[in-house]
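**Q** Below is protein01.tsv; it holds TSV, C-alpha atoms.
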```tsv
chain	number	residue	atom	x	y	z
A	754	MET	CA	8.66	-13.52	16.51
A	755	GLU	CA	10.17	-10.20	17.47
A	756	LYS	CA	9.48	-9.17	21.07
A	757	ALA	CA	9.05	-5.48	20.22
A	758	LYS	CA	5.58	-3.90	20.22
A	759	VAL	CA	3.97	-0.96	18.43
A	760	SER	CA	1.35	1.41	19.83
A	761	SER	CA	-2.05	2.06	18.29
A	762	LEU	CA	-0.93	5.45	16.98
A	763	GLN	CA	2.18	3.95	15.44
A	764	LEU	CA	0.20	1.22	13.67
A	765	PHE	CA	-2.26	3.84	12.42
A	766	ALA	CA	0.62	5.92	11.04
A	767	ILE	CA	2.14	2.91	9.29
A	768	MET	CA	-1.17	1.77	7.78
A	769	PHE	CA	-2.20	5.28	6.73
A	770	ILE	CA	1.10	6.05	5.00
A	771	TYR	CA	1.17	2.61	3.39
A	772	ASP	CA	-2.31	3.04	1.90
A	773	LEU	CA	-1.32	6.37	0.34
A	774	GLY	CA	1.89	4.94	-1.15
A	775	THR	CA	2.19	5.35	-4.91
A	776	ALA	CA	-1.60	5.82	-5.27
A	777	LEU	CA	-1.07	9.42	-4.18
A	778	VAL	CA	0.84	10.46	-7.31
A	779	ILE	CA	-0.43	8.22	-10.11
A	780	PRO	CA	-3.77	8.67	-11.98
A	781	TYR	CA	-5.57	6.52	-9.42
A	782	GLY	CA	-9.03	5.37	-10.50
A	783	ILE	CA	-8.96	7.48	-13.68
A	784	ALA	CA	-10.60	4.66	-15.67
A	785	ALA	CA	-13.84	5.99	-14.13
A	786	ARG	CA	-12.96	9.38	-15.68
A	787	LYS	CA	-14.73	12.27	-13.90
A	788	ASP	CA	-16.07	9.89	-11.27
A	789	ALA	CA	-12.60	8.68	-10.25
A	790	TRP	CA	-13.12	10.12	-6.77
A	791	LEU	CA	-16.30	8.05	-6.37
A	792	ALA	CA	-14.52	4.89	-7.56
A	793	ASP	CA	-11.79	5.58	-5.00
A	794	LEU	CA	-14.30	5.92	-2.15
A	795	LEU	CA	-16.16	2.75	-3.13
A	796	GLY	CA	-12.84	0.93	-3.48
A	797	MET	CA	-12.12	2.00	0.10
A	798	CYS	CA	-15.42	0.38	1.15
A	799	GLY	CA	-14.26	-2.84	-0.48
A	800	GLY	CA	-11.00	-2.50	1.42
A	801	ILE	CA	-12.93	-2.25	4.68
A	802	ILE	CA	-14.65	-5.57	3.91
A	803	LEU	CA	-11.27	-7.18	3.28
A	804	PHE	CA	-9.98	-5.72	6.54
A	805	TYR	CA	-12.79	-7.43	8.46
A	806	ILE	CA	-11.59	-10.78	7.07
A	807	HIS	CA	-8.06	-10.08	8.33
A	808	PHE	CA	-9.43	-8.83	11.65
A	809	TYR	CA	-11.50	-11.98	12.22
A	810	LEU	CA	-8.51	-14.22	11.53
A	811	PHE	CA	-6.36	-12.12	13.87
A	812	ARG	CA	-8.98	-12.57	16.62
A	813	GLN	CA	-8.76	-16.33	16.10
A	814	TYR	CA	-4.94	-16.40	16.10
A	815	PRO	CA	-3.80	-13.22	17.94
A	816	ASN	CA	-0.18	-14.32	18.40
A	817	LEU	CA	0.50	-15.54	14.88
A	818	PRO	CA	1.28	-13.73	11.62
A	819	LEU	CA	-0.35	-14.81	8.35
A	820	THR	CA	2.39	-17.35	7.63
A	821	GLY	CA	1.77	-18.87	11.05
A	822	TYR	CA	-1.98	-19.26	11.09
A	823	VAL	CA	-2.24	-20.60	7.51
A	824	ARG	CA	-0.23	-23.62	8.76
A	825	LYS	CA	-2.65	-24.00	11.65
A	826	ILE	CA	-5.63	-23.87	9.29
A	827	PHE	CA	-4.38	-25.84	6.27
A	828	GLY	CA	-1.86	-28.11	7.93
A	829	LYS	CA	1.91	-28.09	8.03
A	830	TYR	CA	2.72	-28.67	4.36
A	831	MET	CA	-0.10	-26.94	2.47
A	832	GLY	CA	0.02	-24.02	4.89
A	833	TRP	CA	3.79	-23.72	4.42
A	834	ILE	CA	3.38	-23.49	0.64
A	835	ILE	CA	0.66	-20.83	0.95
A	836	GLY	CA	2.85	-18.88	3.38
A	837	LEU	CA	5.79	-19.01	0.97
A	838	LEU	CA	3.60	-17.76	-1.88
A	839	TYR	CA	2.58	-14.78	0.25
A	840	VAL	CA	6.21	-14.04	1.10
A	841	MET	CA	7.05	-13.96	-2.63
A	842	TYR	CA	3.98	-11.80	-3.26
A	843	PHE	CA	5.08	-9.23	-0.67
A	844	LEU	CA	8.56	-9.10	-2.17
A	845	TYR	CA	7.14	-8.68	-5.67
A	846	ILE	CA	4.97	-5.72	-4.64
A	847	ALA	CA	7.98	-4.20	-2.88
A	848	ALA	CA	10.02	-4.54	-6.08
A	849	ARG	CA	7.30	-2.77	-8.07
A	850	ASN	CA	7.26	0.09	-5.58
A	851	VAL	CA	11.04	0.46	-5.65
A	852	ARG	CA	10.81	0.69	-9.44
A	853	ASP	CA	7.99	3.27	-9.20
A	854	PHE	CA	10.14	5.38	-6.89
A	855	GLY	CA	13.18	5.23	-9.14
A	856	ASP	CA	11.25	6.15	-12.27
A	857	LEU	CA	9.51	9.12	-10.62
A	858	ILE	CA	12.77	10.50	-9.21
A	859	ILE	CA	14.47	10.19	-12.59
A	860	SER	CA	11.58	11.83	-14.46
A	861	SER	CA	11.10	14.67	-11.96
A	862	THR	CA	14.44	15.66	-10.43
A	863	LEU	CA	17.49	13.42	-11.04
A	864	SER	CA	17.27	12.77	-14.77
A	865	GLU	CA	20.97	11.88	-15.14
A	866	THR	CA	21.13	9.52	-12.14
A	867	PRO	CA	21.22	5.75	-12.86
A	868	LEU	CA	18.11	3.87	-11.78
A	869	LEU	CA	20.26	1.34	-9.93
A	870	ALA	CA	21.83	4.04	-7.73
A	871	ILE	CA	18.41	5.33	-6.69
A	872	SER	CA	17.11	1.83	-5.94
A	873	ILE	CA	20.17	0.94	-3.86
A	874	SER	CA	19.91	4.18	-1.86
A	875	LEU	CA	16.25	3.56	-1.00
A	876	VAL	CA	16.62	-0.12	-0.09
A	877	LEU	CA	19.71	0.43	2.07
A	878	VAL	CA	17.90	3.04	4.16
A	879	VAL	CA	14.89	0.73	4.46
A	880	CYS	CA	17.12	-2.15	5.57
A	881	TYR	CA	18.78	0.06	8.18
A	882	VAL	CA	15.46	1.10	9.74
A	883	LEU	CA	14.14	-2.48	9.75
A	884	TYR	CA	17.38	-3.71	11.30
A	885	LEU	CA	16.69	-1.39	14.24
A	886	GLY	CA	13.30	-3.05	14.72
A	887	VAL	CA	9.57	-2.55	14.29
A	888	GLU	CA	9.38	-0.10	17.22
A	889	VAL	CA	11.82	2.24	15.46
A	890	ALA	CA	9.78	1.92	12.27
A	891	GLY	CA	6.64	2.79	14.26
A	892	ARG	CA	8.20	5.90	15.81
A	893	THR	CA	9.49	6.94	12.39
A	894	GLY	CA	5.95	6.58	11.07
A	895	GLU	CA	4.63	8.98	13.73
A	896	ILE	CA	7.10	11.65	12.58
A	897	PHE	CA	6.39	11.04	8.90
A	898	LEU	CA	2.65	11.26	9.55
A	899	ILE	CA	2.96	14.82	10.86
A	900	ILE	CA	5.17	15.84	7.92
A	901	LEU	CA	2.76	14.34	5.38
A	902	ILE	CA	-0.24	16.08	6.92
A	903	LEU	CA	1.58	19.42	6.79
A	904	PHE	CA	2.62	18.82	3.18
A	905	GLY	CA	-0.93	17.85	2.24
A	906	ILE	CA	-2.49	20.92	3.86
A	907	ALA	CA	0.08	23.26	2.33
A	908	GLY	CA	-0.14	21.74	-1.14
A	909	SER	CA	-3.95	21.73	-1.19
A	910	PHE	CA	-4.10	25.31	0.10
A	911	PHE	CA	-1.74	26.64	-2.57
A	912	VAL	CA	-3.59	24.81	-5.36
A	913	LEU	CA	-6.98	26.10	-4.18
A	914	VAL	CA	-5.88	29.75	-3.89
A	915	SER	CA	-3.91	29.68	-7.15
A	916	GLY	CA	-7.09	29.95	-9.21
A	917	SER	CA	-6.33	26.78	-11.18
A	918	VAL	CA	-9.35	24.83	-9.90
A	919	ASP	CA	-12.28	24.51	-12.30
A	920	LEU	CA	-15.15	22.54	-10.77
A	921	HIS	CA	-16.77	22.20	-14.21
A	922	ASN	CA	-14.09	19.60	-14.99
A	923	LEU	CA	-15.79	17.33	-12.44
A	924	GLN	CA	-19.25	17.70	-13.94
A	925	PRO	CA	-21.53	16.01	-14.70
A	926	ILE	CA	-21.39	13.34	-12.02
A	927	LEU	CA	-22.14	9.82	-13.32
A	928	GLU	CA	-21.78	11.07	-16.88
A	929	ASN	CA	-21.35	7.52	-18.20
A	930	GLY	CA	-23.44	5.76	-15.56
A	931	TRP	CA	-22.31	3.27	-12.95
A	932	LYS	CA	-20.69	0.69	-15.25
A	933	PRO	CA	-17.25	2.37	-15.63
A	934	ILE	CA	-17.20	3.00	-11.87
A	935	PHE	CA	-17.83	-0.63	-10.98
A	936	THR	CA	-15.31	-1.89	-13.54
A	937	THR	CA	-12.76	0.48	-12.00
A	938	ILE	CA	-13.57	-0.53	-8.43
A	939	PHE	CA	-13.04	-4.21	-9.20
A	940	PRO	CA	-10.27	-5.02	-9.40
A	941	GLU	CA	-8.33	-1.73	-9.58
A	942	THR	CA	-9.22	0.49	-6.61
A	943	ILE	CA	-10.00	-2.41	-4.25
A	944	ASN	CA	-6.77	-4.18	-5.06
A	945	PHE	CA	-4.53	-1.14	-4.99
A	946	PRO	CA	-3.78	-0.09	-2.33
A	947	PHE	CA	-6.43	-1.63	-0.04
A	948	GLY	CA	-6.05	-5.25	-1.11
A	949	GLU	CA	-2.27	-4.98	-0.77
A	950	ALA	CA	-2.79	-4.11	2.91
A	951	ILE	CA	-2.96	-7.86	3.58
A	952	VAL	CA	0.73	-7.51	4.46
A	953	PHE	CA	-0.38	-5.99	7.79
A	954	THR	CA	-1.46	-9.45	8.91
A	955	MET	CA	2.29	-9.84	9.55
A	956	PHE	CA	2.18	-6.77	11.87
A	957	PHE	CA	-0.97	-7.32	13.92
A	958	PRO	CA	0.66	-9.63	16.51
A	959	TYR	CA	3.01	-6.76	17.48
A	960	LEU	CA	0.23	-4.40	18.53
A	961	ASN	CA	0.54	-3.68	22.26
A	962	GLN	CA	-3.21	-3.05	22.54
A	963	PRO	CA	-4.87	-5.74	20.39
A	964	GLY	CA	-8.33	-4.52	21.36
A	965	SER	CA	-7.74	-1.26	19.48
A	966	LEU	CA	-6.99	-2.94	16.12
A	967	LYS	CA	-10.52	-2.58	14.76
A	968	LYS	CA	-10.65	1.18	15.38
A	969	VAL	CA	-7.09	1.71	14.12
A	970	GLY	CA	-7.67	-0.27	10.94
A	971	LEU	CA	-10.99	1.33	10.06
A	972	PHE	CA	-9.79	4.86	10.79
A	973	SER	CA	-6.65	4.42	8.68
A	974	LEU	CA	-8.68	3.05	5.76
A	975	LEU	CA	-11.25	5.84	5.95
A	976	SER	CA	-8.59	8.55	6.24
A	977	SER	CA	-6.44	7.30	3.38
A	978	GLY	CA	-9.46	6.61	1.16
A	979	ILE	CA	-10.84	10.13	1.63
A	980	ILE	CA	-7.44	11.69	0.90
A	981	LEU	CA	-7.00	9.61	-2.26
A	982	ALA	CA	-10.48	10.62	-3.44
A	983	TRP	CA	-9.70	14.28	-2.66
A	984	THR	CA	-6.42	14.08	-4.60
A	985	ALA	CA	-8.13	12.47	-7.60
A	986	SER	CA	-10.83	15.15	-7.68
A	987	LEU	CA	-8.25	17.93	-7.28
A	988	ASN	CA	-6.19	16.59	-10.18
A	989	ILE	CA	-9.23	16.43	-12.46
A	990	ALA	CA	-10.48	19.86	-11.39
A	991	VAL	CA	-7.11	21.45	-12.19
A	992	LEU	CA	-5.95	19.47	-15.22
A	993	SER	CA	-9.18	18.06	-16.76
A	994	VAL	CA	-9.83	14.35	-17.08
A	995	GLU	CA	-8.13	14.10	-20.49
A	996	GLU	CA	-4.84	15.49	-19.20
A	997	VAL	CA	-4.92	13.29	-16.10
A	998	GLU	CA	-5.38	10.24	-18.35
A	999	ARG	CA	-2.29	11.20	-20.35
A	1000	SER	CA	-0.16	12.06	-17.32
A	1001	THR	CA	2.08	9.52	-15.61
A	1002	PHE	CA	2.23	11.50	-12.35
A	1003	PRO	CA	-0.72	13.96	-12.45
A	1004	LEU	CA	-0.14	15.30	-8.93
A	1005	LEU	CA	3.19	16.72	-10.10
A	1006	SER	CA	1.41	18.55	-12.93
A	1007	THR	CA	-1.31	19.78	-10.55
A	1008	ILE	CA	1.10	21.28	-8.04
A	1009	GLY	CA	3.16	22.66	-10.94
A	1010	LYS	CA	0.22	24.93	-11.86
A	1011	VAL	CA	0.70	26.93	-8.65
A	1012	ASN	CA	2.09	30.40	-9.35
A	1013	LEU	CA	1.21	33.04	-6.76
A	1014	LEU	CA	2.46	36.55	-7.44
A	1015	GLU	CA	5.33	35.12	-9.51
A	1016	PHE	CA	6.90	34.18	-6.17
A	1017	ILE	CA	5.35	30.95	-4.83
A	1018	GLN	CA	5.90	28.42	-7.62
A	1019	ARG	CA	7.81	25.26	-8.49
A	1020	LEU	CA	6.29	23.37	-5.57
A	1021	ASP	CA	7.07	20.00	-7.16
A	1022	ALA	CA	9.36	19.30	-4.22
A	1023	ILE	CA	6.30	18.89	-1.96
A	1024	VAL	CA	5.02	16.04	-4.15
A	1025	VAL	CA	8.44	14.42	-4.54
A	1026	LEU	CA	9.12	14.54	-0.79
A	1027	SER	CA	5.63	13.23	0.02
A	1028	PHE	CA	6.16	10.40	-2.44
A	1029	LEU	CA	9.57	9.68	-0.92
A	1030	LEU	CA	8.01	9.34	2.55
A	1031	THR	CA	5.09	7.18	1.44
A	1032	ILE	CA	7.14	4.88	-0.78
A	1033	PHE	CA	9.82	4.52	1.90
A	1034	PHE	CA	7.21	3.26	4.31
A	1035	LYS	CA	5.42	1.07	1.80
A	1036	VAL	CA	8.67	-0.68	0.84
A	1037	SER	CA	9.60	-0.95	4.54
A	1038	VAL	CA	6.29	-2.64	5.42
A	1039	LEU	CA	6.49	-5.06	2.49
A	1040	LEU	CA	10.13	-5.95	3.11
A	1041	TYR	CA	9.45	-6.43	6.82
A	1042	GLY	CA	6.51	-8.71	6.02
A	1043	THR	CA	8.80	-10.66	3.69
A	1044	VAL	CA	11.65	-11.24	6.16
A	1045	ILE	CA	9.31	-11.95	9.09
A	1046	GLY	CA	7.52	-14.49	6.90
A	1047	ILE	CA	10.79	-16.15	5.85
A	1048	ALA	CA	11.96	-16.29	9.47
A	1049	ASP	CA	8.65	-17.83	10.54
A	1050	LEU	CA	8.54	-20.42	7.74
A	1051	PHE	CA	12.15	-21.53	8.17
A	1052	ASN	CA	12.17	-21.28	12.00
A	1053	LEU	CA	14.91	-18.64	12.10
A	1054	LYS	CA	15.52	-17.00	15.47
A	1055	ASN	CA	16.32	-13.57	14.03
A	1056	TYR	CA	15.11	-11.99	10.80
A	1057	ARG	CA	18.02	-9.51	10.80
A	1058	HIS	CA	20.40	-12.14	9.38
A	1059	ILE	CA	18.40	-12.36	6.16
A	1060	LEU	CA	17.50	-8.67	5.88
A	1061	LEU	CA	20.40	-7.52	3.69
A	1062	PRO	CA	20.38	-10.57	1.36
A	1063	THR	CA	16.63	-10.11	0.88
A	1064	GLY	CA	17.23	-6.41	0.20
A	1065	CYS	CA	19.74	-7.35	-2.52
A	1066	ILE	CA	17.15	-9.65	-4.12
A	1067	LEU	CA	14.65	-6.77	-3.92
A	1068	ILE	CA	17.01	-4.41	-5.77
A	1069	PHE	CA	17.76	-7.00	-8.46
A	1070	TRP	CA	14.06	-7.81	-8.90
A	1071	SER	CA	13.10	-4.13	-9.20
A	1072	MET	CA	15.67	-3.67	-11.97
A	1073	MET	CA	14.67	-6.82	-13.86
A	1074	ILE	CA	10.92	-6.37	-13.50
A	1075	ALA	CA	10.69	-4.43	-16.78
A	1076	SER	CA	12.99	-2.94	-19.41
A	1077	SER	CA	11.21	0.44	-19.41
A	1078	PHE	CA	8.69	2.40	-17.38
A	1079	SER	CA	5.94	1.91	-19.98
A	1080	GLU	CA	6.49	-1.87	-19.86
A	1081	HIS	CA	6.47	-1.66	-16.06
A	1082	ILE	CA	3.05	0.05	-16.10
A	1083	GLU	CA	1.68	-2.37	-18.69
A	1084	GLU	CA	2.80	-5.37	-16.65
A	1085	GLY	CA	1.30	-3.84	-13.52
A	1086	THR	CA	-2.08	-3.46	-15.22
A	1087	PHE	CA	-2.03	-7.07	-16.42
A	1088	ILE	CA	-0.97	-8.40	-13.02
A	1089	ALA	CA	-3.65	-6.34	-11.25
A	1090	HIS	CA	-6.39	-7.90	-13.37
A	1091	SER	CA	-5.19	-11.49	-13.31
A	1092	PHE	CA	-2.88	-12.14	-10.37
A	1093	HIS	CA	-3.42	-9.89	-7.35
A	1094	ILE	CA	-7.00	-11.03	-6.86
A	1095	ILE	CA	-5.72	-14.48	-5.85
A	1096	PHE	CA	-3.75	-13.08	-2.92
A	1097	TYR	CA	-5.97	-10.30	-1.64
A	1098	MET	CA	-9.40	-11.88	-2.17
A	1099	ILE	CA	-9.55	-15.57	-3.18
A	1100	LEU	CA	-6.99	-16.96	-0.73
A	1101	PRO	CA	-8.17	-14.83	2.26
A	1102	LEU	CA	-11.76	-15.94	1.64
A	1103	LEU	CA	-10.61	-19.55	1.38
A	1104	ILE	CA	-8.62	-19.20	4.61
A	1105	LEU	CA	-11.66	-17.68	6.32
A	1106	VAL	CA	-14.05	-20.41	5.13
A	1107	VAL	CA	-11.71	-23.26	6.14
A	1108	SER	CA	-11.14	-21.58	9.53
A	1109	LEU	CA	-14.90	-21.32	10.13
A	1110	ILE	CA	-15.40	-24.97	9.16
A	1111	ARG	CA	-12.62	-26.10	11.50
A	1112	ASP	CA	-14.07	-24.04	14.35
A	1113	ARG	CA	-17.50	-25.58	13.82
A	1114	PHE	CA	-16.10	-29.11	13.88
A	1115	LYS	CA	-14.15	-28.31	17.07
A	1116	LYS	CA	-17.33	-27.05	18.77
A	1117	LYS	CA	-19.22	-30.21	17.75
A	1118	ALA	CA	-16.37	-32.38	19.02
A	1119	ASN	CA	-16.48	-30.63	22.40
```
Kindly transcribe the structure held in the file into structure tokens.
**A**
Amino acid sequence: MEKAKVSSLQLFAIMFIYDLGTALVIPYGIAARKDAWLADLLGMCGGIILFYIHFYLFRQYPNLPLTGYVRKIFGKYMGWIIGLLYVMYFLYIAARNVRDFGDLIISSTLSETPLLAISISLVLVVCYVLYLGVEVAGRTGEIFLIILILFGIAGSFFVLVSGSVDLHNLQPILENGWKPIFTTIFPETINFPFGEAIVFTMFFPYLNQPGSLKKVGLFSLLSSGIILAWTASLNIAVLSVEEVERSTFPLLSTIGKVNLLEFIQRLDAIVVLSFLLTIFFKVSVLLYGTVIGIADLFNLKNYRHILLPTGCILIFWSMMIASSFSEHIEEGTFIAHSFHIIFYMILPLLILVVSLIRDRFKKKAN
């Protein structure tokens, strides 16, 4: 375990930016069509329930990360296997996010740049920040949080005053009833990004004020969920639901509609920079969870020794994950419906149930 600690504000910044991640720029929750914003908000509520599971387990084992307390709960060997599966899961999600970043940069700004060069650039910077420690990552998150808030306010203001917003595109509410909303909530909007926040179980032991975790976690989930719902509604109001469904990165198209007095236009850079900040932090959190988990499982004294080799595996995996962006998206959809649920819902519930049973037997024994 690293001896460094993060403050409540730093953990909030990290969790908030992580939850925005790639969900900020993709057509998040659009399967619910005009009610995507409602599916996003209800998905956030599901994320809050999942957070309470992680919070309870943290209260039971405040000094251990996920890979540590699963060995306490399931025993040395079974717990070690479950911990290793989570480490691989974190690295897989990180690889998907690196690929998302590379594809967006190529499609929006650097069309002639090789995907490998973009992936290497991102991962090397991530490795450098993580090598400096979790405290440096926390302070970086505080700075990025301010920048993201300013970008969000500026971007929303320019879109609203540009005259591109048509509220009729959001009407009628519940046009197709509740069924498409519920099928979108589970597993899509609960899983991504809120279910993926299980990686923060690797961070909780570093909080210098453990008593503030509940407030920090809930506030970050509420804030990010509201912003994702706002972004989804803004995209639909500007572009219409049909265009959002066809768009790979609808937020780029939304901000591209801004043209004030033939002077303020081409604000795509706001979206690209916001995405750069959010994806940088999401990959950082996932890679940190991976190396901390490896160090814990293999009893390594310092995670820094494995940081660069793990980063190289991350780059290779992001390149090999799919042969094209369309295949990458198709695989992501399949995985979300058949694979993620094991790690963000089934296993955490199983861990919780076994922990409760063990606690009850201990109380009876005493």
**Q** Go ahead and compute the interatomic distance for CA of Val887 in chain A and CA of Ser874 in chain A, in Å to one decimal.
**A** 20.3 Å
**Q** Report, in Å to a single decimal, how far apart CA of Ile1023 in chain A and CA of Phe904 in chain A are.
**A**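 Answer for the CA of Phe904 in chain A to CA of Ile1023 in chain A separation: 6.3 Å.
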**Q** If I take CA of Trp833 in chain A and CA of Phe804 in chain A, how far is one from the other in Å, to one decimal?
**A**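 CA of Phe804 in chain A lies 22.8 Å from CA of Trp833 in chain A.
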**Q** Do you know which residues are at most 7 Å from range 762-764 of chain A counting only C-alpha atoms, after dropping those on the same chain fewer than 5 positions away, and could you put them as a PDB file with C-alpha atoms, in the coordinates of the input?
**A**
```pdb
ATOM      1  CA  GLY A 891       6.640   2.790  14.260  1.00  0.00           C
ATOM      2  CA  ARG A 892       8.200   5.900  15.810  1.00  0.00           C
ATOM      3  CA  GLY A 894       5.950   6.580  11.070  1.00  0.00           C
ATOM      4  CA  GLU A 895       4.630   8.980  13.730  1.00  0.00           C
TER       5      GLU A 895
END
```
**Q** Identify which of the residues A:Met1073, A:Leu1103, A:Val1038, A:Leu913 lies closest to Ala890 in chain A, counting only C-alpha atoms when measuring atom-to-atom distances.
**A** A:Val1038
**Q** Leaving out range 929-945 of chain A and any residue of its chain fewer than 4 positions from it, which residues lie within 8 Å of it when counting all atoms listed in the file, given as a list in words?
**A**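 Here the answer would be Ala776, Tyr781, Gly782, Ala784, Ala785, Asp788, Ala789, Leu791, Ala792, Asp793, Leu795, Gly796, Met797, Gly799, Gly800, Glu949, Ala1089, His1090, His1093, Ile1094 and Tyr1097 of chain A.
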**Q** Please produce a file of the residues just selected, as a PDB file, in the coordinates of the input, where the atoms kept are C-alpha atoms.
**A**
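Below is the file part-v2.pdb, written as the result:
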```pdb
ATOM      1  CA  ALA A 776      -1.600   5.820  -5.270  1.00  0.00           C
ATOM      2  CA  TYR A 781      -5.570   6.520  -9.420  1.00  0.00           C
ATOM      3  CA  GLY A 782      -9.030   5.370 -10.500  1.00  0.00           C
ATOM      4  CA  ALA A 784     -10.600   4.660 -15.670  1.00  0.00           C
ATOM      5  CA  ALA A 785     -13.840   5.990 -14.130  1.00  0.00           C
ATOM      6  CA  ASP A 788     -16.070   9.890 -11.270  1.00  0.00           C
ATOM      7  CA  ALA A 789     -12.600   8.680 -10.250  1.00  0.00           C
ATOM      8  CA  LEU A 791     -16.300   8.050  -6.370  1.00  0.00           C
ATOM      9  CA  ALA A 792     -14.520   4.890  -7.560  1.00  0.00           C
ATOM     10  CA  ASP A 793     -11.790   5.580  -5.000  1.00  0.00           C
ATOM     11  CA  LEU A 795     -16.160   2.750  -3.130  1.00  0.00           C
ATOM     12  CA  GLY A 796     -12.840   0.930  -3.480  1.00  0.00           C
ATOM     13  CA  MET A 797     -12.120   2.000   0.100  1.00  0.00           C
ATOM     14  CA  GLY A 799     -14.260  -2.840  -0.480  1.00  0.00           C
ATOM     15  CA  GLY A 800     -11.000  -2.500   1.420  1.00  0.00           C
ATOM     16  CA  GLU A 949      -2.270  -4.980  -0.770  1.00  0.00           C
ATOM     17  CA  ALA A1089      -3.650  -6.340 -11.250  1.00  0.00           C
ATOM     18  CA  HIS A1090      -6.390  -7.900 -13.370  1.00  0.00           C
ATOM     19  CA  HIS A1093      -3.420  -9.890  -7.350  1.00  0.00           C
ATOM     20  CA  ILE A1094      -7.000 -11.030  -6.860  1.00  0.00           C
ATOM     21  CA  TYR A1097      -5.970 -10.300  -1.640  1.00  0.00           C
TER      22      TYR A1097
END
```
**Q** Could you check which of A:Ile1068, A:Val1107, A:Ile906, A:Leu901 is closest to Val876 in chain A, using only C-alpha atoms?
**A**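 For Val876 in chain A, the nearest of the given residues is A:Ile1068.
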**Q** Do a neighbour search on Pro818 in chain A at 10 Å with all atoms listed in the file, toss out local chain neighbours closer than 5 positions, and write the hits as an mmCIF file with C-alpha atoms, in the frame of the given file.
**A**
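Generated output (result30.cif):
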```cif
data_model
loop_
_atom_site.group_PDB
_atom_site.id
_atom_site.type_symbol
_atom_site.label_atom_id
_atom_site.label_comp_id
_atom_site.auth_asym_id
_atom_site.auth_seq_id
_atom_site.Cartn_x
_atom_site.Cartn_y
_atom_site.Cartn_z
ATOM 1 C CA MET A 754 8.660 -13.520 16.510
ATOM 2 C CA LEU A 810 -8.510 -14.220 11.530
ATOM 3 C CA PHE A 811 -6.360 -12.120 13.870
ATOM 4 C CA VAL A 823 -2.240 -20.600 7.510
ATOM 5 C CA GLY A 836 2.850 -18.880 3.380
ATOM 6 C CA VAL A 952 0.730 -7.510 4.460
ATOM 7 C CA PHE A 953 -0.380 -5.990 7.790
ATOM 8 C CA THR A 954 -1.460 -9.450 8.910
ATOM 9 C CA MET A 955 2.290 -9.840 9.550
ATOM 10 C CA PHE A 956 2.180 -6.770 11.870
ATOM 11 C CA PHE A 957 -0.970 -7.320 13.920
ATOM 12 C CA PRO A 958 0.660 -9.630 16.510
ATOM 13 C CA TYR A 959 3.010 -6.760 17.480
ATOM 14 C CA GLY A 1042 6.510 -8.710 6.020
ATOM 15 C CA ILE A 1045 9.310 -11.950 9.090
ATOM 16 C CA GLY A 1046 7.520 -14.490 6.900
ATOM 17 C CA ASP A 1049 8.650 -17.830 10.540
#
```
**Q** Go ahead and find all residues with at least one atom no further than 8 Å from (-14.4, 17.1, -15.7) in the file's coordinates, using all atoms listed in the file; report them as a PyMOL selection string.
**A** chain A and resi 786-787+920-925+989-990+993-994
**Q** Fewer than 5 positions away in the same chain doesn't count, so skip those; otherwise give me all residues within 12 Å of Ile1082 in chain A, counting all atoms listed in the file, as a PyMOL selection string.
**A** chain A and resi 779-780+849-850+852-853+856+1001+1074-1077+1087-1089
**Q** Just checking: using all atoms listed in the file, which residue out of A:Thr1043, A:Asn1055, A:Thr984, A:Ser864 ends up closest to Ser909 in chain A?
**A**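 Using all atoms listed in the file, the shortest distance to Ser909 in chain A belongs to A:Thr984.
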**Q** Would you please work out which residue, of A:Val778, A:Pro815, A:Ile871, A:Ile1110, is nearest to Asn988 in chain A when using all atoms listed in the file?
**A** A:Val778
**Q** Write out as a PyMOL selection string the residues lying within 10 Å of Phe1033 in chain A, counting all atoms listed in the file and excluding same-chain residues fewer than 3 positions away.
**A** chain A and resi 770-771+774+850-851+854+875-876+878-879+1027-1030+1036-1038
**Q** Pick the closest to Gly1085 in chain A from A:Leu877, A:Ile979, A:Ile1059, A:Ala848: which is it, counting all atoms listed in the file?
**A** A:Ala848
**Q** Looking at A:Leu1105, A:Met1098, A:Leu773, A:Ile802, which one is nearest to Tyr814 in chain A, with distances taken over all atoms listed in the file?
**A** A:Leu1105
